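These notes concern the structure reproduced below.
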Amino acid sequence: MIPVYKILSILLEYPGKELVEHWGDIRQTLAEQTDLPVEDKQKLDAFIDWASSMSLTKFQAEYVNTFDLVAEHSLYLTYHLFDEQDRDRGPALIQLSELYKSTGFEIGDGELPDYLPLILEYVATMDDLPSARSFLQQTVQATDIIASRLEENNSPYAPLVRMVEQHGHLADIAA
């Protein structure tokens, strides 16, 4: 199941040429996920169908219109948890950065540590599913907010973010 978090990370990143050249590889990896619920596979396949049906430029424009031009859709989780001027946001970001460093996970490209695709990439490096879900449990509040706002706008990205939120809730069930 861990590869699904890598796939979600890739699909929620700003799309580049490399992504659109590897739709077949992503579909193959999904097909090989025997422990991924059928409804999750269907959601991911539907998103890939949507995204792969357009040119890279159009896909990039859709991404920018969804995430960069609408602050309420921001994939920076602390944005949804703290006021812009809240002094707790900085320490939360530092704490997350320190966690990454302590496990040897490196943040590249000057990205903030609360960026959802980065969090999913980190979770994909974890050795076991219960630890991954436990970590995702900490994102549930923010991912629920983002998914709800995306759903209000009928965004094709909504099912992806909702899937992250639901996987975080699975830690509650397993406990």
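Letters A, B, ... mark the chains of the structure tokens in the order given; residue numbers begin at 1 per chain; ligand numbers begin at 1, in order shown.
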Report task. Within region 89-118 of chain A, find each residue whose DSSP state, derived from the backbone, is alpha helix (DSSP H), and express the selection as a list in words. Result -> Arg89, Gly90, Pro91, Ala92, Leu93, Ile94, Gln95, Leu96, Ser97, Glu98, Leu99, Tyr100, Lys101, Ser102, Leu116, Pro117 and Leu118 of chain A
Requested in this report: Please identify all polymer residues within 12 Å of region 39-44 of chain A, counting only C-alpha atoms, omitting same-chain residues fewer than 2 positions from it, and present them as a VMD selection string.
Outcome: chain A and resid 1 4 to 5 7 to 12 23 26 to 37 46 to 52 156 to 164 166 to 167
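The nearest approach to Leu150 (chain A) among the residues A:Gln137, A:Ser102, A:Thr78, A:Asn65, with only C-alpha atoms taken into account, belongs to A:Asn65.
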Query - Residue contacts of region 106-111 of chain A (12 Å, only C-alpha atoms) excluding same-chain residues fewer than 2 positions away, as a PyMOL selection string - result: chain A and resi 13+75-76+93+96-104+113-119+121-122+125
Query - Within 12 Å of Leu170 (chain A) using only C-alpha atoms, minus same-chain residues under 3 positions, as a PyMOL selection string - result: chain A and resi 129-138+140+163-167+173-175
Report task. Find, counting only C-alpha atoms, the residue in A:Gly24, A:Asp144, A:Leu112, A:Thr66 that gets nearest to Arg89 (chain A). Result ->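 The answer is A:Leu112, which sits nearest to Arg89 (chain A).
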**Report entry** Å distance separating CA of Pro91 (chain A) from CA of Thr143 (chain A), one decimal place
**Finding:**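 Separation of CA of Pro91 (chain A) and CA of Thr143 (chain A): 19.8 Å.
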Report task. Measuring atom to atom with only C-alpha atoms, identify which of A:Ala92, A:Met126, A:Leu69, A:Ala61 is nearest to Lys6 (chain A). Result ->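 Once distances to Lys6 (chain A) are computed over only C-alpha atoms, the minimum belongs to A:Met126.
Among the candidates A:Ser55, A:Glu21, A:Asn154, A:Tyr14, the residue lying nearest to Asp68 (chain A) is A:Tyr14 (atoms considered: only C-alpha atoms).
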